[in-house]
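Okay, work-v1.txt now, which holds compact mmCIF, C-alpha atoms (C1' of nucleotides):
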# COMPACT_ATOMS: atom_id res chain seq x y z
CA MET L 1 74.79 182.62 28.37
CA ALA L 2 76.71 181.08 25.44
CA GLN L 3 75.04 177.99 24.01
CA GLU L 4 76.96 174.78 24.62
CA GLY L 5 76.32 171.44 23.06
CA ALA L 6 72.94 169.87 23.73
CA ASP L 7 74.00 167.62 26.61
CA GLU L 8 73.76 170.39 29.16
CA PRO L 9 72.43 168.99 32.45
CA PRO L 10 68.99 170.30 33.49
CA GLU L 11 70.02 172.55 36.36
CA LEU L 12 70.09 170.89 39.73
CA THR L 13 71.93 173.89 41.08
CA SER L 14 71.54 176.86 38.89
CA SER L 15 74.02 179.08 40.69
CA THR L 16 77.68 178.28 40.28
CA GLY L 17 78.50 180.12 43.49
CA PHE L 18 76.00 178.09 45.43
CA LEU L 19 77.19 174.85 43.91
CA LEU L 20 80.70 175.92 44.84
CA ALA L 21 79.62 176.44 48.43
CA ARG L 22 77.97 173.02 48.53
CA LEU L 23 80.99 171.19 47.14
CA GLY L 24 83.40 173.25 49.18
CA ALA L 25 81.64 172.19 52.36
CA GLU L 26 81.86 168.56 51.34
CA SER L 27 85.53 168.87 50.50
CA ARG L 28 86.35 170.68 53.73
CA ARG L 29 84.51 167.97 55.65
CA ARG L 30 86.73 165.28 54.16
CA TRP L 31 89.89 167.28 54.72
CA ALA L 32 88.88 168.01 58.30
CA ARG L 33 88.38 164.34 59.02
CA MET L 34 91.77 163.44 57.60
CA LEU L 35 93.57 166.28 59.35
CA SER L 36 91.89 165.67 62.71
CA GLU L 37 93.87 162.45 63.00
CA ARG L 38 96.94 164.64 63.35
CA GLY L 39 95.38 167.24 65.58
CA LEU L 40 95.16 169.80 62.78
CA SER L 41 92.35 171.63 61.02
CA PRO L 42 91.98 172.75 57.39
CA HIS L 43 93.08 176.23 58.43
CA HIS L 44 96.30 174.87 59.87
CA PHE L 45 97.05 173.09 56.63
CA GLY L 46 96.18 176.21 54.69
CA VAL L 47 98.73 178.26 56.58
CA LEU L 48 101.43 175.65 56.10
CA MET L 49 100.69 175.36 52.40
CA ALA L 50 100.73 179.12 51.88
CA LEU L 51 104.00 179.43 53.77
CA ASP L 52 105.57 176.55 51.92
CA GLN L 53 104.75 178.13 48.60
CA HIS L 54 105.37 181.80 49.31
CA GLY L 55 107.96 181.78 52.04
CA GLU L 56 108.04 184.22 54.91
CA THR L 57 105.11 186.58 55.30
CA HIS L 58 103.17 188.25 58.05
CA GLN L 59 99.98 187.03 59.57
CA GLN L 60 97.49 189.20 57.78
CA ARG L 61 98.52 188.02 54.36
CA LEU L 62 98.21 184.46 55.52
CA CYS L 63 94.78 185.19 56.90
CA GLU L 64 93.74 186.46 53.53
CA ALA L 65 95.16 183.41 51.80
CA ILE L 66 93.20 180.99 53.96
CA GLY L 67 90.10 183.16 54.16
CA VAL L 68 90.04 183.60 57.90
CA ASP L 69 89.46 186.81 59.79
CA PRO L 70 92.60 187.85 61.68
CA ARG L 71 90.57 187.88 64.88
CA ASN L 72 89.97 184.16 64.55
CA ALA L 73 93.43 183.31 63.32
CA VAL L 74 95.42 183.82 66.49
CA PRO L 75 94.62 180.39 67.95
CA ILE L 76 95.51 178.83 64.61
CA PHE L 77 98.99 180.32 64.63
CA ASP L 78 99.39 179.49 68.30
CA THR L 79 98.66 175.85 67.70
CA LEU L 80 101.04 175.65 64.76
CA GLU L 81 103.76 177.29 66.82
CA ALA L 82 103.08 174.96 69.74
CA HIS L 83 103.60 172.04 67.36
CA SER L 84 106.84 173.68 66.13
CA LEU L 85 105.51 173.73 62.56
CA ILE L 86 105.91 177.49 62.23
CA ALA L 87 107.95 180.17 63.98
CA ARG L 88 106.97 183.77 64.63
CA THR L 89 109.45 186.61 64.91
CA SER L 90 109.08 190.36 65.02
CA ASP L 91 109.49 192.15 61.72
CA GLN L 92 112.36 194.62 61.98
CA THR L 93 111.08 197.17 59.47
CA ASP L 94 107.60 197.29 60.99
CA ARG L 95 107.44 196.04 64.52
CA ARG L 96 103.68 195.76 64.44
CA LYS L 97 103.95 192.85 62.07
CA ARG L 98 104.91 189.37 63.09
CA ALA L 99 106.92 187.54 60.47
CA VAL L 100 105.88 183.92 60.11
CA VAL L 101 108.13 181.21 58.70
CA ILE L 102 107.62 177.50 58.22
CA THR L 103 110.01 175.18 60.03
CA ALA L 104 111.65 172.05 58.66
CA ALA L 105 109.13 169.96 60.57
CA GLY L 106 106.35 172.06 59.10
CA ARG L 107 107.69 171.49 55.63
CA THR L 108 107.82 167.76 56.16
CA THR L 109 104.29 167.80 57.51
CA VAL L 110 102.83 169.83 54.67
CA ASP L 111 104.45 167.56 52.09
CA GLU L 112 103.02 164.54 53.83
CA LEU L 113 99.58 166.04 54.06
CA ARG L 114 99.69 167.11 50.46
CA ARG L 115 100.34 163.55 49.41
CA THR L 116 97.59 162.21 51.61
CA GLY L 117 95.29 164.90 50.31
CA ALA L 118 95.91 163.72 46.78
CA ALA L 119 93.94 160.61 47.65
CA LEU L 120 91.05 162.79 48.77
CA ASP L 121 91.20 164.67 45.49
CA HIS L 122 91.15 161.39 43.64
CA ASP L 123 87.94 160.34 45.33
CA LEU L 124 86.29 163.72 45.13
CA LEU L 125 87.06 164.17 41.44
CA ALA L 126 86.46 160.56 40.49
CA GLY L 127 83.86 161.61 37.95
CA LEU L 128 86.26 163.75 35.96
CA THR L 129 88.92 162.85 33.45
CA ASP L 130 92.51 163.99 33.98
CA HIS L 131 92.02 166.77 31.49
CA GLN L 132 88.84 167.92 33.20
CA ARG L 133 90.59 167.93 36.57
CA THR L 134 93.32 170.13 35.21
CA THR L 135 90.76 172.47 33.69
CA LEU L 136 88.79 172.65 36.91
CA HIS L 137 91.88 173.43 38.94
CA ARG L 138 92.93 176.14 36.56
CA LEU L 139 89.52 177.79 36.58
CA LEU L 140 89.32 177.67 40.36
CA LEU L 141 92.71 179.33 40.61
CA LYS L 142 91.48 182.14 38.41
CA VAL L 143 88.47 182.63 40.63
CA PHE L 144 90.75 182.62 43.65
CA ASP L 145 92.81 185.44 42.18
CA THR L 146 89.62 187.39 41.57
CA ILE L 147 88.36 187.25 45.13
CA VAL L 148 91.75 188.05 46.62
CA ASP L 149 92.09 191.05 44.36
CA SER L 150 88.56 192.22 45.07
CA ASN L 151 88.82 192.10 48.84
CA HIS L 152 91.73 194.50 48.91
CA SER L 153 92.60 196.76 46.04
CA THR L 154 95.85 195.25 44.90
CA ILE L 155 97.32 192.26 46.63
CA THR L 156 98.73 189.14 45.09
CA MET L 157 101.09 187.88 47.79
CA PRO L 158 104.70 189.04 47.84
CA ALA L 159 105.84 185.96 45.94
CA GLN L 160 109.09 185.78 47.85
CA PRO L 161 110.37 182.52 46.37
CA ALA L 162 111.33 180.64 49.55
CA ASP L 163 114.28 178.30 48.92
CA ARG L 164 111.89 175.43 48.42
CA SER L 165 114.53 173.47 46.53
CA ALA L 166 116.51 172.91 49.72
CA ALA L 167 113.80 170.55 50.87
CA SER L 168 113.56 168.63 47.61
CA ARG L 169 111.77 165.38 48.20
CA THR L 170 110.72 162.27 46.32
CA MET M 1 99.61 165.50 35.33
CA ALA M 2 98.89 166.18 31.66
CA GLN M 3 100.97 169.04 30.26
CA GLU M 4 98.98 172.14 29.48
CA GLY M 5 100.24 175.20 27.73
CA ALA M 6 103.14 177.00 29.35
CA ASP M 7 101.09 179.63 31.16
CA GLU M 8 100.21 177.30 34.01
CA PRO M 9 100.19 179.26 37.28
CA PRO M 10 102.87 178.17 39.79
CA GLU M 11 100.66 176.36 42.27
CA LEU M 12 99.30 178.54 45.01
CA THR M 13 97.00 175.74 46.04
CA SER M 14 98.13 172.40 44.82
CA SER M 15 95.06 170.47 45.88
CA THR M 16 91.88 171.02 43.94
CA GLY M 17 89.80 169.82 46.86
CA PHE M 18 91.42 172.27 49.20
CA LEU M 19 91.06 175.11 46.75
CA LEU M 20 87.42 174.12 46.42
CA ALA M 21 86.99 174.34 50.17
CA ARG M 22 88.61 177.77 50.26
CA LEU M 23 86.45 179.18 47.46
CA GLY M 24 83.34 177.46 48.75
CA ALA M 25 83.75 179.20 52.10
CA GLU M 26 84.09 182.55 50.38
CA SER M 27 81.04 181.93 48.24
CA ARG M 28 78.96 180.76 51.17
CA ARG M 29 80.00 183.85 53.10
CA ARG M 30 78.66 186.12 50.37
CA TRP M 31 75.45 184.14 50.01
CA ALA M 32 74.94 184.16 53.76
CA ARG M 33 75.29 187.92 53.89
CA MET M 34 72.76 188.40 51.10
CA LEU M 35 70.30 185.89 52.54
CA SER M 36 70.55 187.21 56.09
CA GLU M 37 68.72 190.33 54.96
CA ARG M 38 65.69 188.10 54.51
CA GLY M 39 66.20 186.06 57.64
CA LEU M 40 67.36 183.03 55.68
CA SER M 41 70.55 181.00 55.54
CA PRO M 42 72.27 179.22 52.62
CA HIS M 43 70.71 175.97 53.79
CA HIS M 44 67.24 177.45 53.57
CA PHE M 45 67.88 178.54 50.03
CA GLY M 46 69.32 175.13 49.22
CA VAL M 47 66.15 173.41 50.34
CA LEU M 48 63.95 175.76 48.35
CA MET M 49 66.09 175.35 45.26
CA ALA M 50 66.09 171.56 45.50
CA LEU M 51 62.34 171.51 46.00
CA ASP M 52 61.73 173.92 43.17
CA GLN M 53 63.70 171.74 40.79
CA HIS M 54 62.70 168.26 41.92
CA GLY M 55 59.26 168.72 43.35
CA GLU M 56 57.97 166.89 46.39
CA THR M 57 60.39 164.74 48.33
CA HIS M 58 61.02 163.71 51.89
CA GLN M 59 63.43 165.35 54.27
CA GLN M 60 66.34 162.96 54.04
CA ARG M 61 66.77 163.41 50.33
CA LEU M 62 66.77 167.14 50.79
CA CYS M 63 69.35 166.82 53.51
CA GLU M 64 71.57 164.96 51.11
CA ALA M 65 71.06 167.56 48.42
CA ILE M 66 72.13 170.42 50.65
CA GLY M 67 74.82 168.45 52.44
CA VAL M 68 73.40 168.75 55.93
CA ASP M 69 73.08 165.97 58.47
CA PRO M 70 69.40 165.22 59.18
CA ARG M 71 70.04 165.88 62.86
CA ASN M 72 70.89 169.47 62.06
CA ALA M 73 68.21 169.96 59.47
CA VAL M 74 65.12 170.02 61.63
CA PRO M 75 65.41 173.70 62.59
CA ILE M 76 65.98 174.52 58.92
CA PHE M 77 62.69 172.94 57.88
CA ASP M 78 60.95 174.45 60.88
CA THR M 79 62.01 177.94 59.90
CA LEU M 80 60.96 177.47 56.29
CA GLU M 81 57.60 176.15 57.41
CA ALA M 82 57.17 179.05 59.84
CA HIS M 83 57.74 181.42 56.93
CA SER M 84 55.19 179.45 54.89
CA LEU M 85 57.78 178.75 52.21
CA ILE M 86 57.38 174.99 52.49
CA ALA M 87 54.70 172.64 53.79
CA ARG M 88 55.17 169.28 55.47
CA THR M 89 52.66 166.47 55.31
CA SER M 90 52.79 162.83 56.31
CA ASP M 91 53.60 160.39 53.55
CA GLN M 92 50.73 157.93 53.18
CA THR M 93 52.77 154.98 51.95
CA ASP M 94 55.35 155.29 54.71
CA ARG M 95 54.20 157.27 57.69
CA ARG M 96 57.72 157.66 59.01
CA LYS M 97 58.52 159.98 56.16
CA ARG M 98 57.41 163.57 55.98
CA ALA M 99 56.69 164.76 52.49
CA VAL M 100 57.92 168.26 51.84
CA VAL M 101 56.54 170.57 49.17
CA ILE M 102 57.35 174.13 48.22
CA THR M 103 54.55 176.67 48.48
CA ALA M 104 53.68 179.40 46.00
CA ALA M 105 55.36 181.91 48.28
CA GLY M 106 58.41 179.69 48.45
CA ARG M 107 58.54 179.50 44.69
CA THR M 108 58.37 183.26 44.40
CA THR M 109 61.10 183.62 47.00
CA VAL M 110 63.46 181.14 45.37
CA ASP M 111 63.06 182.80 42.01
CA GLU M 112 63.83 186.16 43.55
CA LEU M 113 66.85 184.85 45.37
CA ARG M 114 68.09 183.11 42.29
CA ARG M 115 68.04 186.39 40.41
CA THR M 116 69.78 188.22 43.23
CA GLY M 117 72.29 185.40 43.47
CA ALA M 118 73.16 185.85 39.83
CA ALA M 119 74.76 189.15 40.79
CA LEU M 120 76.88 187.34 43.34
CA ASP M 121 77.95 184.85 40.70
CA HIS M 122 78.85 187.69 38.41
CA ASP M 123 81.19 189.19 40.99
CA LEU M 124 82.64 185.90 42.11
CA LEU M 125 83.35 184.71 38.58
CA ALA M 126 84.42 188.09 37.26
CA GLY M 127 87.78 186.68 36.20
CA LEU M 128 86.23 184.09 33.88
CA THR M 129 84.82 184.38 30.40
CA ASP M 130 81.26 183.23 29.71
CA HIS M 131 82.56 180.04 28.20
CA GLN M 132 84.78 179.38 31.20
CA ARG M 133 81.87 179.95 33.55
CA THR M 134 79.78 177.41 31.70
CA THR M 135 82.64 174.95 31.77
CA LEU M 136 83.21 175.46 35.48
CA HIS M 137 79.54 174.97 36.25
CA ARG M 138 79.38 171.80 34.22
CA LEU M 139 82.46 170.33 35.89
CA LEU M 140 81.18 171.18 39.35
CA LEU M 141 77.89 169.47 38.56
CA LYS M 142 79.77 166.34 37.60
CA VAL M 143 81.64 166.40 40.88
CA PHE M 144 78.37 166.90 42.70
CA ASP M 145 76.93 163.80 41.11
CA THR M 146 80.00 161.88 42.18
CA ILE M 147 79.79 162.74 45.85
CA VAL M 148 76.05 162.14 46.02
CA ASP M 149 76.48 158.76 44.42
CA SER M 150 79.38 157.85 46.67
CA ASN M 151 77.67 158.72 49.94
CA HIS M 152 74.88 156.29 49.32
CA SER M 153 75.13 153.47 46.87
CA THR M 154 72.64 154.60 44.28
CA ILE M 155 70.72 157.80 44.66
CA THR M 156 70.13 160.50 42.10
CA MET M 157 66.95 162.16 43.35
CA PRO M 158 63.57 160.95 42.18
CA ALA M 159 63.39 163.60 39.48
CA GLN M 160 59.67 164.06 39.88
CA PRO M 161 59.21 166.97 37.48
CA ALA M 162 57.17 169.39 39.58
CA ASP M 163 54.82 171.46 37.43
CA ARG M 164 57.31 174.28 37.35
CA SER M 165 55.64 175.81 34.31
CA ALA M 166 52.63 176.86 36.36
CA ALA M 167 54.78 179.49 38.02
CA SER M 168 56.24 180.82 34.82
CA ARG M 169 57.76 184.18 35.43
CA THR M 170 59.48 186.97 33.54
C1' DT F 1 94.59 208.78 62.35
C1' DA F 2 95.35 204.12 60.33
C1' DT F 3 97.16 199.44 60.73
C1' DT F 4 98.79 194.86 62.96
C1' DG F 5 97.88 191.84 66.21
C1' DT F 6 95.24 190.57 70.14
C1' DT F 7 91.38 189.43 73.60
C1' DA F 8 86.65 188.61 75.00
C1' DT F 9 82.25 187.29 73.68
C1' DA F 10 78.20 185.84 71.26
C1' DC F 11 76.49 183.47 67.44
C1' DT F 12 76.16 179.94 63.80
C1' DC F 13 77.26 175.65 62.04
C1' DT F 14 78.60 170.83 62.63
C1' DA F 15 79.29 166.35 65.01
C1' DT F 16 78.13 162.74 68.77
C1' DA F 17 74.61 160.13 71.38
C1' DA F 18 70.34 158.65 72.20
C1' DC F 19 65.26 158.50 71.71
C1' DT F 20 60.39 157.84 69.29
C1' DA F 21 57.58 156.02 65.70
C1' DT F 22 57.08 153.38 62.03
C1' DA F 23 58.49 149.63 58.86
C1' DT E 1 66.41 144.79 63.13
C1' DA E 2 66.56 148.89 60.24
C1' DT E 3 64.97 153.50 58.83
C1' DA E 4 62.87 158.60 59.10
C1' DG E 5 62.59 162.06 62.00
C1' DT E 6 63.54 164.23 66.28
C1' DT E 7 65.88 166.13 70.60
C1' DA E 8 69.76 167.45 73.52
C1' DT E 9 74.32 168.78 73.79
C1' DA E 10 79.12 169.61 72.98
C1' DG E 11 82.41 171.29 69.78
C1' DA E 12 84.32 173.76 65.83
C1' DG E 13 83.95 177.73 63.08
C1' DT E 14 82.61 182.65 62.34
C1' DA E 15 81.24 187.42 63.34
C1' DT E 16 80.91 191.76 66.50
C1' DA E 17 83.24 195.02 69.68
C1' DA E 18 86.95 196.84 71.73
C1' DC E 19 91.82 197.33 72.93
C1' DA E 20 97.37 197.90 72.90
C1' DA E 21 101.33 198.73 70.25
C1' DT E 22 103.26 200.76 66.35
C1' DA E 23 103.33 203.44 62.18
So, in terms of structure tokens, how does the structure I just supplied come out?
Amino acid sequence: MAQEGADEPPELTSSTGFLLARLGAESRRRWARMLSERGLSPHHFGVLMALDQHGETHQQRLCEAIGVDPRNAVPIFDTLEAHSLIARTSDQTDRRKRAVVITAAGRTTVDELRRTGAALDHDLLAGLTDHQRTTLHRLLLKVFDTIVDSNHSTITMPAQPADRSAASRT
Amino acid sequence: MAQEGADEPPELTSSTGFLLARLGAESRRRWARMLSERGLSPHHFGVLMALDQHGETHQQRLCEAIGVDPRNAVPIFDTLEAHSLIARTSDQTDRRKRAVVITAAGRTTVDELRRTGAALDHDLLAGLTDHQRTTLHRLLLKVFDTIVDSNHSTITMPAQPADRSAASRT
DNA sequence: TATTGTTATACTCTATAACTATA
DNA sequence: TATAGTTATAGAGTATAACAATA
């Protein structure tokens, strides 16, 4: 288990995965409260964020990104489309798939929410230094890659670099 | 944002809190599946773990430890008591409170589950080195302390050092 | 036959309101 | 009045089964 310094905390929560679940619930709770003021849920924001970063994709990849079963995702996409934050079209190469794109309004919304969310991060990570926050984020990203890769055999998102620059802000 | 090396991943999930929520859900999902085979939920395990580490406490402190509203915690304690994994008695100094203790069977169970959970951790954190896992765990613990302290004004668990040694195992 | 998206449904978890008993 | 625990209930989130359209 690799010996650290001597200031290792007793235990409190011996399993990292369980501690992750505990903190994740707390974080989601705060996000949900903030987002509910705009009629959105964490899943809605997750879809917008994934679309904003990766550009057009189909629903199943988005479901994987936000960790929601496709069976439960339909109402999520419906709501986003009803709010004109995304648009769904039929994929021409494979008509089973529905291509999803973020709209200009969706892009504005996700940028707004991201800024507001930064305040939540600030509170949540108040006990960490800037360097520790960066380290934590980097490690969590690595874990994220692991679970996405393990669910399917080889999937890492198409990485179609949506012309994000067109909506340059701030 | 403190410049790291140059191998910083693009973004994927810009908010640490949101990424935490995403990974926490995945982790909880895996724990839930493992625990369901024994008729338990993540909350049940959380209670047992907190009791095993901190000894006797009352219900509200346990609720805070596992992040569950006291209103939703009653069935959790009831189930644990029905399985004889915990025992509830009336606190003599304040008869409103119900003192909760872990039983010998509960201690055996939590040790078993902790070992089984280690396999889950291994899979979940497969992308990290041992050192990175230790770092991640330490950072998450710090965040945990932050949110517990922020919810109430000053609470850090009584730290009554239950005679854990009596159940020495392995 | 396998995959994408969908519907219906049941189940779990969480949040809101109000009540009892103790302090 | 405030707190610990409880109950009832509605809502959000998640899992199970089955289906239509397309590949």
Sort by chain and increasing residue number a table of all residues of chain F within 12 Å of chain M, each with its closest pair of atoms and their distance in Å to one decimal, counting only C-alpha atoms (C1' of nucleotides), and write it as CSV.
residue,atom,partner,partner_atom,distance
F:DT12,C1',M:Ser41,CA,10.0
F:DC13,C1',M:Asn72,CA,8.9
F:DT14,C1',M:Asn72,CA,7.8
F:DA15,C1',M:Asp69,CA,9.0
F:DT16,C1',M:Arg71,CA,10.5
F:DA17,C1',M:Arg71,CA,11.2
F:DA18,C1',M:Arg71,CA,11.8
F:DT20,C1',M:Arg96,CA,10.6
F:DA21,C1',M:Arg96,CA,6.9
F:DT22,C1',M:Arg96,CA,5.3
F:DA23,C1',M:Asp94,CA,7.7
Same residues, C-alpha atoms (C1' of nucleotides), saved as a compact mmCIF listing (two decimals), in the coordinates of the input:
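This went into out_17.txt:
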# COMPACT_ATOMS: atom_id res chain seq x y z
C1' DT F 12 76.16 179.94 63.80
C1' DC F 13 77.26 175.65 62.04
C1' DT F 14 78.60 170.83 62.63
C1' DA F 15 79.29 166.35 65.01
C1' DT F 16 78.13 162.74 68.77
C1' DA F 17 74.61 160.13 71.38
C1' DA F 18 70.34 158.65 72.20
C1' DT F 20 60.39 157.84 69.29
C1' DA F 21 57.58 156.02 65.70
C1' DT F 22 57.08 153.38 62.03
C1' DA F 23 58.49 149.63 58.86
> Could you list, as a ChimeraX atom specification, every residue of chain L that has an atom within 8 Å of an atom of chain M, counting only C-alpha atoms?
Replying inline: /L:1-2,8-9,11-28,31,49-50,53,66-67,114,117-118,120-121,124-128,130-132,134,136-147
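Rounded to one decimal, CA of Arg88 (chain M) and C1' of DT3 (chain E) lie 18.9 Å from each other.
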> With all atoms listed in the file as the basis for distance, which of E:DA21, E:DT16, E:DT1, E:DT7 is at the shortest distance from chain M?
Replying inline: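 Once distances to chain M are computed over all atoms listed in the file, the minimum belongs to E:DT7.
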Please, which residues in chain E fall within 12 Å of chain M when counting all atoms listed in the file, and what is the closest atom pair and distance in Å to one decimal for each, ordered by chain then residue number, as a Markdown table?
| residue | atom | partner | partner_atom | distance |
| --- | --- | --- | --- | --- |
| E:DT3 | C1' | M:Arg96 | CA | 8.4 |
| E:DA4 | C1' | M:Arg96 | CA | 5.2 |
| E:DG5 | C1' | M:Arg96 | CA | 7.2 |
| E:DT6 | C1' | M:Arg71 | CA | 7.5 |
| E:DT7 | C1' | M:Arg71 | CA | 8.8 |
| E:DA8 | C1' | M:Arg71 | CA | 10.8 |
| E:DG13 | C1' | M:Ala25 | CA | 11.1 |
| E:DT14 | C1' | M:Arg29 | CA | 9.7 |
| E:DA15 | C1' | M:Arg29 | CA | 10.9 |
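Separating CA of His44 (chain L) from CA of Asp91 (chain L) is a distance of 21.8 Å.
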>> Using Å and a single decimal, report how far CA of His83 (chain L) sits from CA of Thr116 (chain L).
In response: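 It comes out at 19.5 Å.
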> Within 12 Å of (96.7, 202.6, 59.5), in the coordinates the file gives, what residues turn up when you count all atoms listed in the file, written out as a list in words?
Replying inline: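 Protein and nucleic acid residues near the point are Arg96 of chain L; DT1, DA2, DT3 and DT4 of chain F; DT22 and DA23 of chain E.
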> Out of M:Leu113, M:Ile76, M:Cys63, M:Ala105, which residue has the shortest atom-to-atom distance to Leu35 (chain M) when counting all atoms listed in the file?
Replying inline: M:Leu113
> Counting only C-alpha atoms (C1' of nucleotides), what is within 6 Å of Leu85 (chain M), bar same-chain residues fewer than 4 positions away, as a ChimeraX atom specification?
Replying inline: /M:80-81,103,105-106
How about completing region 131-153 of chain M with N, CA and C atoms and giving it to me as a JSON list (two decimals), in the coordinates of the input?
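Below is the file part20.json, written as the result:
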[["chain", "number", "residue", "atom", "x", "y", "z"],
["M", 131, "HIS", "N", 82.32, 181.45, 28.52],
["M", 131, "HIS", "CA", 82.56, 180.04, 28.20],
["M", 131, "HIS", "C", 83.18, 179.31, 29.38],
["M", 132, "GLN", "N", 84.13, 179.99, 30.05],
["M", 132, "GLN", "CA", 84.78, 179.38, 31.20],
["M", 132, "GLN", "C", 83.81, 179.16, 32.35],
["M", 133, "ARG", "N", 82.87, 180.10, 32.50],
["M", 133, "ARG", "CA", 81.87, 179.95, 33.55],
["M", 133, "ARG", "C", 80.99, 178.74, 33.30],
["M", 134, "THR", "N", 80.61, 178.57, 32.06],
["M", 134, "THR", "CA", 79.78, 177.41, 31.70],
["M", 134, "THR", "C", 80.54, 176.12, 31.95],
["M", 135, "THR", "N", 81.81, 176.13, 31.56],
["M", 135, "THR", "CA", 82.64, 174.95, 31.77],
["M", 135, "THR", "C", 82.77, 174.63, 33.25],
["M", 136, "LEU", "N", 83.06, 175.66, 34.03],
["M", 136, "LEU", "CA", 83.21, 175.46, 35.48],
["M", 136, "LEU", "C", 81.94, 174.88, 36.09],
["M", 137, "HIS", "N", 80.82, 175.44, 35.71],
["M", 137, "HIS", "CA", 79.54, 174.97, 36.25],
["M", 137, "HIS", "C", 79.30, 173.51, 35.90],
["M", 138, "ARG", "N", 79.61, 173.17, 34.67],
["M", 138, "ARG", "CA", 79.38, 171.80, 34.22],
["M", 138, "ARG", "C", 80.28, 170.82, 34.98],
["M", 139, "LEU", "N", 81.53, 171.20, 35.18],
["M", 139, "LEU", "CA", 82.46, 170.33, 35.89],
["M", 139, "LEU", "C", 82.05, 170.16, 37.36],
["M", 140, "LEU", "N", 81.60, 171.26, 37.95],
["M", 140, "LEU", "CA", 81.18, 171.18, 39.35],
["M", 140, "LEU", "C", 79.96, 170.27, 39.50],
["M", 141, "LEU", "N", 79.07, 170.34, 38.52],
["M", 141, "LEU", "CA", 77.89, 169.47, 38.56],
["M", 141, "LEU", "C", 78.30, 168.01, 38.50],
["M", 142, "LYS", "N", 79.29, 167.73, 37.69],
["M", 142, "LYS", "CA", 79.77, 166.34, 37.60],
["M", 142, "LYS", "C", 80.33, 165.87, 38.93],
["M", 143, "VAL", "N", 81.08, 166.74, 39.57],
["M", 143, "VAL", "CA", 81.64, 166.40, 40.88],
["M", 143, "VAL", "C", 80.52, 166.19, 41.89],
["M", 144, "PHE", "N", 79.51, 167.03, 41.79],
["M", 144, "PHE", "CA", 78.37, 166.90, 42.70],
["M", 144, "PHE", "C", 77.72, 165.54, 42.56],
["M", 145, "ASP", "N", 77.52, 165.12, 41.33],
["M", 145, "ASP", "CA", 76.93, 163.80, 41.11],
["M", 145, "ASP", "C", 77.79, 162.71, 41.73],
["M", 146, "THR", "N", 79.09, 162.88, 41.63],
["M", 146, "THR", "CA", 80.00, 161.88, 42.18],
["M", 146, "THR", "C", 79.83, 161.73, 43.68],
["M", 147, "ILE", "N", 79.83, 162.84, 44.39],
["M", 147, "ILE", "CA", 79.79, 162.74, 45.85],
["M", 147, "ILE", "C", 78.42, 162.27, 46.34],
["M", 148, "VAL", "N", 77.37, 162.62, 45.61],
["M", 148, "VAL", "CA", 76.05, 162.14, 46.02],
["M", 148, "VAL", "C", 75.95, 160.64, 45.81],
["M", 149, "ASP", "N", 76.50, 160.19, 44.70],
["M", 149, "ASP", "CA", 76.48, 158.76, 44.42],
["M", 149, "ASP", "C", 77.36, 157.97, 45.39],
["M", 150, "SER", "N", 78.43, 158.59, 45.83],
["M", 150, "SER", "CA", 79.38, 157.85, 46.67],
["M", 150, "SER", "C", 78.91, 157.76, 48.11],
["M", 151, "ASN", "N", 78.18, 158.77, 48.57],
["M", 151, "ASN", "CA", 77.67, 158.72, 49.94],
["M", 151, "ASN", "C", 76.74, 157.54, 50.13],
["M", 152, "HIS", "N", 75.70, 157.49, 49.33],
["M", 152, "HIS", "CA", 74.88, 156.29, 49.32],
["M", 152, "HIS", "C", 75.35, 155.43, 48.16],
["M", 153, "SER", "N", 74.71, 154.32, 47.97],
["M", 153, "SER", "CA", 75.13, 153.47, 46.87],
["M", 153, "SER", "C", 74.55, 153.99, 45.57]]
